[in-house]
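Structure first, then comments.
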Amino acid sequence: MHLQKAACAAAALSLFAAGGAMAETLTIATVNNGDMIRMQGLTDDFTAKTGHKVEWVTLEENVLRQRVTTDISTKGGQFDIMTIGMYETPIWARNGWLAPLDNLSAEYDVDDILPAIRNGLSVDGTLYAAPFYGESSMIMYRKDLMEAAGLTMPEAPSWDFVAEAARKMTDRENGIYGICLRGKAGWGENMAFLTAMSNSFGARWFDMEWRPQFDTPEWKQTLTFYLDLMNEAGPPGASANGFNENLSLFQQGKCGMWIDATVAASFVTNPKESTVADKVGFALAPDAGLGKRSNWLWAWALAIPTGTKKEAAARQFIEWATSKAYLELVAQKEGWPNVPPGTRASLYANPEYAKAPFAEMTLKSINSADPLHPTVKPVPYVGVQFVAIPEFAGIATEVGQEFSAALAGQQTAEEALAKAQALTEDAMEAAGYR
Amino acid sequence: MAREHSPRRKALLTVAAWTAGLLIFFPILWTILTSFKTEAQAIADPPLFLNFDWTLENYAAVQERSDYMRFLWNSIVISGASTLLGVLIAVPAAWSMAFVPSKRTKDILLWMLSTKMLPAVGVLYPIYLIFIELGLLDTRAGLTVVIMLINLPIIVWMLYTYFREIPVDILEAARMDGADLRAEILYVLAPMALPGIASTVLLNVILAWNEAFWTLNLTAANAAPLTAFIASYSSPEGLFYAKLSAASTMAIAPILILGWFSQKQLVRGLTFGAVK
Amino acid sequence: MATRRSRAAARMMMAPAVVLLLGWMLVPLTMTLWFSFRRYLPMRGGDLGWAGFDNYVRFVSSSAFWPSIQATLVIVGGVLAATVALGVLLALLLDQPIWGQGVVRVLVIAPFFVMPTVSALVWKNMFMDPVNGLFAHLWRLFGAEPLAWMSEASLPSIVLIVSWQWLPFATLILLTAIQSLDREQLEAAEMDGAGPLSRFVHIILPHLSRAVTVVILIQTIFLLSVFAEIFVTTQGSFGTRTLTYLIYQRVLESQNVGLGSAGGVYAIILANIVAIFLMRIVGKNLDA
């Protein structure tokens with residue numbers, strides 16, 4: 001018995017030595033977006049450089065969120081790296097669930113990360129998640145249709161201009177809809193858009209005493225404007241359209257304008273996927289003359305849950321995946337327009353990348369978003385298109401369902417806002433804010 | 001004395017039945033067809049039925065992205081093992097309920113079925129915490145046990161209704177002839193019970209294969225079956241109908257083929273006591 | 001023949017199944033009950049102490065509660081009605097002598113093998129999508145404005161998808177029952193001049209009652225917990241938020257495990273009410 005044990009131990013030791021102290025297998029949970037799928041395809045480069053292997057768990061966004069949240073809040077320890085967003089990062093970091101990403105290597109050059117993005121992923125100046133790609137939102141429009149309508153898109157249009165253009169571009173006979181906007185319920189779907197839009201109309205989620213604000217004229221104006229616009233110039237069934245649905249509509253040439261994530265720009269200008277690749281123009285998200293534009297700020301980022309035994313290897317992976325070298329690797333394999341955008345200043349300084357038609361407008365949009373001061377009037381929260389409190393996702397999804405139902409014509413804007421106000425008050429009370 | 005059936009009536013009924021059958025099958029057929037189109041052809045207007053350039057590129061793309069064989073193997077192991085385990089536990093129980101019924105037998109049966117009504121989401125946190133405690137997260141063993149427990153009531157019920165139809169007289173006759181319990185089971189009952197067990201096994205393999213809540217929430221990289229495989233294709237960016245179709249076809253093909261080959265066995269025992 | 005010894009043996013044989021299921025029921029149930037009386041907010045640091053009946057009161061007083069019960073009942077009822085009605089028709093049809101019976105049967109049972117997630121994805125995207133879906137093409141072919149299924153006809157859409165999945169099950173059970181029908185009785189009735197309709201109403205339907213009971217019983221158990229179909233399609237909007245989905249939203253979207261657990265207890269109560277109802281009203285058939 002003893003001998004056997006000793007033999008086992010010796011075998012284990014020799015294995016350990018042979019493996020080089022550090023060859024680990026990392027389990028990474030990520031979302032099934034194009035840039036992440038591309039990263040999966042390039043994992044071999046990481047393995048070649050470090051010897052660590054990677055197991056991917058790729059899930060659709062909603063499934064991913066449910067999966068990683070359950071795991072991290074119960075300390076399940078199933079993942080060494082989780083793909084999370086700008087919304088989760090500050091909340092989880094404050095709970096002590098994320099390993100701080102300090103002491104990053106000099107060549108990683110953390111100061112190169114765009115300040116707006118970095119601030120959104122930091123708590124008290126410490127970075128807790130490294131941005132894999134960052135995005136704001138902007139207008140993508142069809143130059144040919146705009147010209148046919150006899151209009152010229154300014155670089156920074158107003159909502160009134162957008163509404164006028166949308167109505168003129170609409171040609172239902174031929175399946176062309178002037179504007180495609182998110183309508184599918186969800187805090188990261190229609191509410192991301194509508195919250196950002198409401199900022200430009202001077203509305204806000206809560207006042208300084210955390211009182212919900214859906215009963216204010218600003219919200220009524222926002223929602224009415226949105227509903228009118230979509231009813232007159234939007235595609236059928238818009239209340240079921242999220243990012244993906246609108247992307248495919250735009251790629252098929254069915255949308256005149258689309259206000260959505262800046263990352264979509266590389267998809268709609270990719271001739272392999274898009275039938276309108278050479279006809280797309282870009283402009284800043286509209287405003288209503290109140291000093292705030294309706295663009296949001298978001299980043300998908302990689303974070304390490306505290307308690308993983310493979311933290312060192314996980315750090316190596318994060319440095320690899322969000323480094324300048326990774327951008328070059330993608331550029332070399334897939335061309336510059338396909339690198340994950342919106343994270344590093346050096347990318348926008350790169351003349352190769354600047355050739356992409358959307359590079360400049362993406363950077364301008366990201367820089368014009370301010371998560372610390374998102375609204376016209378003061379608010380007690382941070383986050384442009386979300387409110388960084390744990391209850392927000394649940395509340396906003398329910399509010400989103402009311403707004404979505406209004407878009408589907410099942411209730412009026414007033415009814416939707418009244419219900420939104422009631423359910424938000426209820427939830428905030430349950431959470432102990434008031 | 002069977003009635004004479006006029007050929008015309010038969011033809012009419014044939015047309016009706018085939019129409020219904022094809023309508024019901026159409027969504028699956030359409031998915032399979034779409035999986036062989038390019039993304040652009042998949043959304044062509046008007047839709048293309050057979051007149052397109054058949055391609056395997058979607059299957060290649062799906063395989064490149066996710067290791068299908070691993071998901072498939074997990075599905076096979078989990079649904080197979082959970083069914084086997086379930087049947088091993090259920091046969092004696094159903095047996096005693098059918099042949100030595102007591103006043104409470106029916107209550108126990110209904111209670112067993114009622115455990116299936118516990119909404120899975122409501123107990124996600126409890127089960128997750130237990131799984132962490134036992135180190136069962138992302139293991140095939142853990143999933144096998146959970147799926148087995150979920151389906152156990154159905155297995156017991158099916159076997160019970162099937163066993164009940166076995167005439168008791170035969171048992172008594174065998175006992176008269178001096179057969180002991182072992183012989184009784186092996187030579188008298190097993191041959192009669194086998195079709196029922198076969199169809200129970202089939203139905204439960206199907207149910208286990210398609211279980212999509214626990215298999216998704218209790219796994220990560222190691223034990224994830226095909227339900228998790230499909231979850232990474234549900235709404236990618238851009239055009240995705242063709243790839244979604246390919247992934248869907250890959251996820252359902254094994255069980256569909258198994259089901260078709262064994263449909264006689266499946267149907268024979270699938271009565272749940274509906275027939276007396 | 002039930003001697004004391006055989007009774008004891010029977011108990012022994014039943015024990016593993018009963019004990020396992022008891023554990024499977026009691027352990028999570030106890031934990032759910034415990035959580036339901038706690039302020040358990042994973043995002044705010046976990047268990048924050050005793051909550052009394054707060055969670056129970058809050059869950060019921062939420063404006064989403066009664067609509068969710070209604071949506072649950074509509075979906076369960078709608079699917080049961082559709083599958084039983086169509087199932088009877090299909091079973092009658094498949095019982096007739098036709099060419100290629102085996103193949104037709106294979107076609108009809110196929111949906112039963114499809115994962116709920118896959119069927120929801122396929123229906124939602126490839127059929128019910130208002131722009132690229134096959135239905136939209138069909139509608140336009142007839143000059144109609146395509147229907148936005150998921151928002152304008154959300155509940156019927158979900159009932160349609162779920163019914164499609166369960167129709168094979170109902171059909172097969174009913175078919176087995178029809179095939180066990182005494183042919184001579186039918187023929188005798190025909191001799192006596194009973195028309196097809198009266199034969200159906202007076203002979204076939206009563207014969208099927210037991211099978212219908214079984215279909216309703218088994219399907220209800222599965223339908224009460226329908227989740228994937230809603231998660232994939234409407235995510236609970238447009239009046240499709242069932243009780244199960246509401247619990248999901250409370251537990252995972254709002255991250256309020258205490259509140260969700262209280263919802264879970266309500267769901268168990270609802271399930272038991274439905275179960276008792278089933279047993280009392282239709283369960284009698286099973287004894288016969």
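Residues are referred to by chain and number: the chain letter is A, B, ... according to the order shown in the structure tokens, the number counts from 1 in that chain, and ligands are numbered separately from 1 in the order shown.
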
- Query: For chain A against chain B, which residues fall within 9 Å using only C-alpha atoms, given as number ranges by chain?
  - Reply: A: 27-29, 31-34, 37, 40-41, 55-61, 63, 66-67, 70-71, 74-79, 243-249, 251, 264, 267-268, 273-274

- Query: When DSSP works through the backbone of this structure, what residues of region 65-197 of chain C end up as helix (DSSP H, G or I), shown as an NGL selection string?
  - Reply: :C and (65-95 or 101-113 or 116-127 or 134-141 or 149-152 or 154-179 or 183-191 or 196-197)

- Task: Considering only C-alpha atoms, state which residue in the set B:Ala17, B:Ala60, B:Val188, B:Leu33 is at the smallest distance from chain C.
- Result: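 Under the stated criterion, the closest residue is B:Ala17.
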
- Got a sec to pull out which chain A residues are within 8 Å of chain C, counting only C-alpha atoms, and send them as a PyMOL selection string? chain A and resi 66+69-70+73-74+91-92+95+185+236-237+239-240+390-395+401-402+404-405+408+423+426

Just need the residues of chain B within 7 Å of chain C, counting only C-alpha atoms, so spit them out as an mmCIF file with C-alpha atoms, in the first residue's frame.
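Final output, out09.cif:
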data_model
loop_
_atom_site.group_PDB
_atom_site.id
_atom_site.type_symbol
_atom_site.label_atom_id
_atom_site.label_comp_id
_atom_site.auth_asym_id
_atom_site.auth_seq_id
_atom_site.Cartn_x
_atom_site.Cartn_y
_atom_site.Cartn_z
ATOM 1 C CA LYS B 10 -58.486 4.576 -50.129
ATOM 2 C CA LEU B 13 -57.638 8.915 -47.506
ATOM 3 C CA THR B 14 -54.111 8.339 -48.690
ATOM 4 C CA ALA B 17 -52.971 11.357 -44.640
ATOM 5 C CA TRP B 18 -49.934 12.175 -46.732
ATOM 6 C CA GLY B 21 -47.948 13.959 -42.578
ATOM 7 C CA LEU B 22 -45.974 16.205 -44.892
ATOM 8 C CA ILE B 24 -46.296 18.134 -39.872
ATOM 9 C CA PHE B 25 -42.910 17.063 -41.108
ATOM 10 C CA ILE B 43 -33.345 33.962 -47.274
ATOM 11 C CA PRO B 46 -39.123 33.688 -53.353
ATOM 12 C CA ILE B 89 -34.361 1.491 -10.287
ATOM 13 C CA ALA B 90 -37.836 1.647 -11.781
ATOM 14 C CA PRO B 92 -38.477 -3.364 -9.258
ATOM 15 C CA ALA B 93 -40.674 -0.502 -8.133
ATOM 16 C CA SER B 96 -44.118 -4.500 -7.018
ATOM 17 C CA VAL B 100 -48.429 -6.551 -5.170
ATOM 18 C CA THR B 115 -42.515 15.716 -8.404
ATOM 19 C CA LYS B 116 -42.137 16.495 -12.076
ATOM 20 C CA MET B 117 -44.176 19.636 -11.651
ATOM 21 C CA LEU B 118 -41.576 21.402 -9.509
ATOM 22 C CA PRO B 119 -40.478 24.295 -11.744
ATOM 23 C CA VAL B 121 -35.911 27.497 -12.447
ATOM 24 C CA GLY B 122 -37.217 27.807 -8.925
ATOM 25 C CA VAL B 123 -34.689 25.297 -7.632
ATOM 26 C CA PRO B 126 -30.461 25.118 -4.411
ATOM 27 C CA ILE B 127 -29.375 22.483 -6.899
ATOM 28 C CA LEU B 149 -34.439 11.699 -11.327
ATOM 29 C CA ILE B 206 -35.617 10.972 -26.232
ATOM 30 C CA ASN B 210 -33.974 16.940 -25.336
ATOM 31 C CA SER B 234 -29.221 30.688 -31.496
ATOM 32 C CA SER B 248 -30.050 22.081 -35.690
ATOM 33 C CA ILE B 252 -31.550 16.344 -33.855
ATOM 34 C CA ILE B 255 -32.209 10.964 -32.120
ATOM 35 C CA LEU B 256 -34.430 11.351 -35.178
ATOM 36 C CA TRP B 260 -37.404 6.276 -36.886
ATOM 37 C CA VAL B 267 -45.233 2.869 -30.422
ATOM 38 C CA LEU B 270 -46.305 3.891 -25.566
ATOM 39 C CA THR B 271 -49.720 3.580 -24.010
ATOM 40 C CA PHE B 272 -49.260 4.797 -20.439
ATOM 41 C CA ALA B 274 -54.317 4.315 -22.148
ATOM 42 C CA VAL B 275 -55.496 1.033 -23.567
#

What parts of region 30-256 of chain C does DSSP call strand (DSSP E or B)? I'd like the answer as a PDB file with C-alpha atoms, in the first residue's frame.
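Below is the file states_5.pdb, written as the result:
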ATOM      1  CA  ARG C  38     -34.996  35.019   3.376  1.00  0.00           C
ATOM      2  CA  ARG C  39     -33.839  38.226   1.776  1.00  0.00           C
ATOM      3  CA  TYR C  40     -31.529  36.337  -0.539  1.00  0.00           C
ATOM      4  CA  LEU C  41     -29.961  38.696  -3.098  1.00  0.00           C
ATOM      5  CA  GLY C  46     -26.133  36.792  -0.579  1.00  0.00           C
ATOM      6  CA  ASP C  47     -28.346  35.993   2.369  1.00  0.00           C
ATOM      7  CA  LEU C  48     -29.317  39.236   4.093  1.00  0.00           C
ATOM      8  CA  GLY C  49     -31.512  37.790   6.789  1.00  0.00           C
ATOM      9  CA  TRP C  50     -35.079  36.920   7.627  1.00  0.00           C
TER      10      TRP C  50
END

- Query: So which residues touch Asn199 (chain A) within 10 Å, counting only C-alpha atoms, skipping near sequence neighbours fewer than 5 positions away, as a VMD selection string?
  - Reply: chain A and resid 194 204 to 205 218 to 219 222 287 to 288 290 to 296 374 to 377 384 to 385

- 8 Å contact set for Ser79 (chain B), only C-alpha atoms, chain neighbours under 3 positions out, as an NGL selection string: :B and (75-76 or 82-83 or 144 or 147 or 204-206 or 208-209)

Take the residues that were just selected and, keeping N, CA and C atoms, output them as a PDB file, in the first residue's frame.
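Just written: result_8.pdb:
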ATOM      1  N   SER B  75     -24.070  13.806 -25.036  1.00  0.00           N
ATOM      2  CA  SER B  75     -25.502  13.549 -25.149  1.00  0.00           C
ATOM      3  C   SER B  75     -25.783  12.059 -25.065  1.00  0.00           C
ATOM      4  N   ILE B  76     -24.972  11.278 -25.790  1.00  0.00           N
ATOM      5  CA  ILE B  76     -25.194   9.834 -25.814  1.00  0.00           C
ATOM      6  C   ILE B  76     -24.986   9.253 -24.416  1.00  0.00           C
ATOM      7  N   SER B  82     -28.516   7.763 -17.993  1.00  0.00           N
ATOM      8  CA  SER B  82     -29.617   8.134 -17.111  1.00  0.00           C
ATOM      9  C   SER B  82     -30.807   7.205 -17.338  1.00  0.00           C
ATOM     10  N   THR B  83     -31.032   6.805 -18.589  1.00  0.00           N
ATOM     11  CA  THR B  83     -32.141   5.905 -18.863  1.00  0.00           C
ATOM     12  C   THR B  83     -31.881   4.530 -18.254  1.00  0.00           C
ATOM     13  N   THR B 144     -26.222  12.907 -15.271  1.00  0.00           N
ATOM     14  CA  THR B 144     -26.908  11.636 -15.422  1.00  0.00           C
ATOM     15  C   THR B 144     -27.889  11.434 -14.273  1.00  0.00           C
ATOM     16  N   ILE B 147     -30.915  13.993 -14.566  1.00  0.00           N
ATOM     17  CA  ILE B 147     -31.845  13.643 -15.642  1.00  0.00           C
ATOM     18  C   ILE B 147     -32.596  12.362 -15.294  1.00  0.00           C
ATOM     19  N   ASN B 204     -37.508   7.477 -22.951  1.00  0.00           N
ATOM     20  CA  ASN B 204     -36.704   8.237 -21.998  1.00  0.00           C
ATOM     21  C   ASN B 204     -35.375   8.694 -22.562  1.00  0.00           C
ATOM     22  N   VAL B 205     -34.848   7.933 -23.498  1.00  0.00           N
ATOM     23  CA  VAL B 205     -33.658   8.435 -24.190  1.00  0.00           C
ATOM     24  C   VAL B 205     -34.018   9.740 -24.907  1.00  0.00           C
ATOM     25  N   ILE B 206     -35.184   9.758 -25.531  1.00  0.00           N
ATOM     26  CA  ILE B 206     -35.617  10.972 -26.232  1.00  0.00           C
ATOM     27  C   ILE B 206     -35.784  12.133 -25.257  1.00  0.00           C
ATOM     28  N   ALA B 208     -34.475  12.539 -22.328  1.00  0.00           N
ATOM     29  CA  ALA B 208     -33.191  12.944 -21.762  1.00  0.00           C
ATOM     30  C   ALA B 208     -32.376  13.720 -22.786  1.00  0.00           C
ATOM     31  N   TRP B 209     -32.432  13.281 -24.006  1.00  0.00           N
ATOM     32  CA  TRP B 209     -31.694  13.933 -25.091  1.00  0.00           C
ATOM     33  C   TRP B 209     -32.127  15.391 -25.242  1.00  0.00           C
TER      34      TRP B 209
END

- Message: Can you measure CA of Leu155 (chain C) to CA of Ile75 (chain C) for me? One decimal in Å is fine.
- Response: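 Atom-to-atom, CA of Leu155 (chain C) to CA of Ile75 (chain C), that is 7.1 Å.
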